Each structure stands twice: as C-alpha cells, then as structure tokens.
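Novice: Take this structure, written in structure tokens, and hold onto it; I'll ask about it next.
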Amino acid sequence: MKIKYLNIVIIVLSTFFYSCDRRDYDVPEIEAPAYSTSKEIISIADLKTLSSTFPLPFIVDGYENKVGNFEVRSMDNTNKAIKGIVTANDESGNIYKQFYIQDNTGAITIGSNLTGLFGLFTVGQEVIIELDGLNIGKYGGSFQIGGRIHYISYNPNGTVKNASIGRLVPEEFHTHIFRNGKANPASVVPTVLTSMPVITETNRNTLVRFDNVSFVGGGSTIFATKGAGYGTVQLNIGGQNVGIRTSEYADFAADTIPTGTGSVICILGKYNNDNQLTIRSRKDLIFN
C-alpha cells in the first residue's frame, strides 16, 4: 500500500511542477531573405531577345548546336540579371527539378539538379538570377535557364541522339539564384481565359486559368498510369481539345479526372508545335 500511495504522490507532484513550468516561449520569426545587386536587372522579355546575341557553344562531337527548338547559348561576361515571381514549383511531383518565374513581360523555366525546391522557392517568392556564367537555351522551343553541363542522349550505336540545355548543378544554383523578401502567394494571379490563345513568347509558360472547361472522358480515366512516364488527358476549352500532360510521379496521377464543367489553373506551354498544359497540383482543378 505504501508503494501505491508513493506512486500517487509522485504523479501529483509531477503534474504540479509541470503546470508551474508551462512557460510561453516566443517562436522566433524566420528572417526574410534580403538581396541587393549591382547587376543590371532586365525583364524576361529582354533576356529572350538578348539571348540571340550570346554565342552557340560547342557541345559534343556528332551534334550541331544551332538555332532552333533545342539551341544552347553561353551567357558570359554579362552584368545582367533577371527578376521574377515563382508561379510554379515541384511540390506535387508533376514538375520535376525546375520551377517557373514570371514578370509582367513573360515567363521562363529554371532547370536544376536539385529536388524539393518548393521548400524555399514557394509560389509568390521573388527571385533574382545573375546570368553571367550560365546557359540559356530552348527545350522543345521553350526558353530555359540552365547550367554549363549539357544534356546529351545517345543512340544504341553510340551516336548522339539529342543534346540540349542542361540543369543547374548545386554550385551554380546557389551562386546565381537568390530569394528576396518573403513569399507572397496572393501576388500570383493567373490570367483568366475562356478560349485557347495563340501561344507566343509573351504568354508561353505563364500561369493561366481556363473557365467553363471540361475534361474529355471525365470520370472514366486517370491522369497518368504508373510505369508510363507521363499521361495525357484532353481538356475541352471553348470547343478545342488541348492536352494536359501529367507525370506518373505527380501525387494526383492516379486520381480520376473530374466530370462536369469547371475551371483549371495551369502553366500555358508548348512543346515544339504542340500546345501543352501543366497542372501544378490537384488544387488547380476547380470543379463541383
């Protein structure tokens, strides 16, 4: 019995001292990143125009690096930088090792060999990219900023199948890309559309919202099948069917496409001559 009462006393005293020591701790506020530069900040549209003045570097024997949908250019000895707001990242797994930034003149993709970019480069985060020493190029006709190591694929006989702009390695990423201030997701507002526009450099890779749209075969198929790499479903926009491309690794890949009419927020893209839309997450599908 003495042991029993002793245990009760210990519990009561422990509770008393715990209650007395329930201090309120202030959670330290994370300091917002601040960045200033002596670089000349130019617009994304200006960079795309300026890119044609940068040289086409040698890539590898068996591949001619020339002007076109897969060109690569070296940005050397330039004092220029660009600034934009993150509109899409890799949080859902549908966008892989890259994120998109946008200003009031257009948008561009930043390719990286890093994963989990969404932790720091959240939607609404302002980003400055110092251009000297990086590459700019096109992948399927879409402008992208990348690193010095080119992407090269080979045929079974060892000849070059394809070469294009590579992703930023960690050292390049951390010495050229900087965040500025706190992220402001409310600042990212998609352009509202009811029909499919002609894609130009002004709207390519920008964030848009299509209203009054419906999926072809809604309720009868999923976004992407495991093992297929990617899946494509068709979105009817004002009577025109446009493909939405989804990675098998997206956290919504196995979801059934919605039925009925609703709205879709997406990246407005184009691969070579084909229009291509990319959803950032399941939250971009606004259906009843």
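Here's how to read the names in the structure tokens: chain A, B, ... by the order shown, residue numbers from 1 in each chain, ligand numbers from 1 in the order shown.
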Excluding range 208-224 of chain A and its own-chain neighbours fewer than 4 positions away, which residues fall within 9 Å of it when counting only C-alpha atoms? Please give them as number ranges by chain.
Specialist: A: 189-196, 203, 228-239, 241, 244-250, 252-268, 284
Novice: I need the residues in range 22-166 of chain A that are strand (DSSP E or B) according to DSSP; give them as a PyMOL selection string.
Specialist: chain A and resi 40-42+72-75+80-88+98-103+106-112+126-130+134-139+142-154+160-166
Novice: To one decimal place, how far is CA of Lys48 in chain A from CA of Gly137 in chain A in Å?
Specialist: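 About the pair CA of Lys48 in chain A and CA of Gly137 in chain A: they are 9.3 Å apart.
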Novice: So the first atom is CA of Lys80 in chain A and the second is CA of Glu130 in chain A; what is the distance between them in Å, to one decimal place?
Specialist: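 Separation between CA of Lys80 in chain A and CA of Glu130 in chain A: 6.5 Å.
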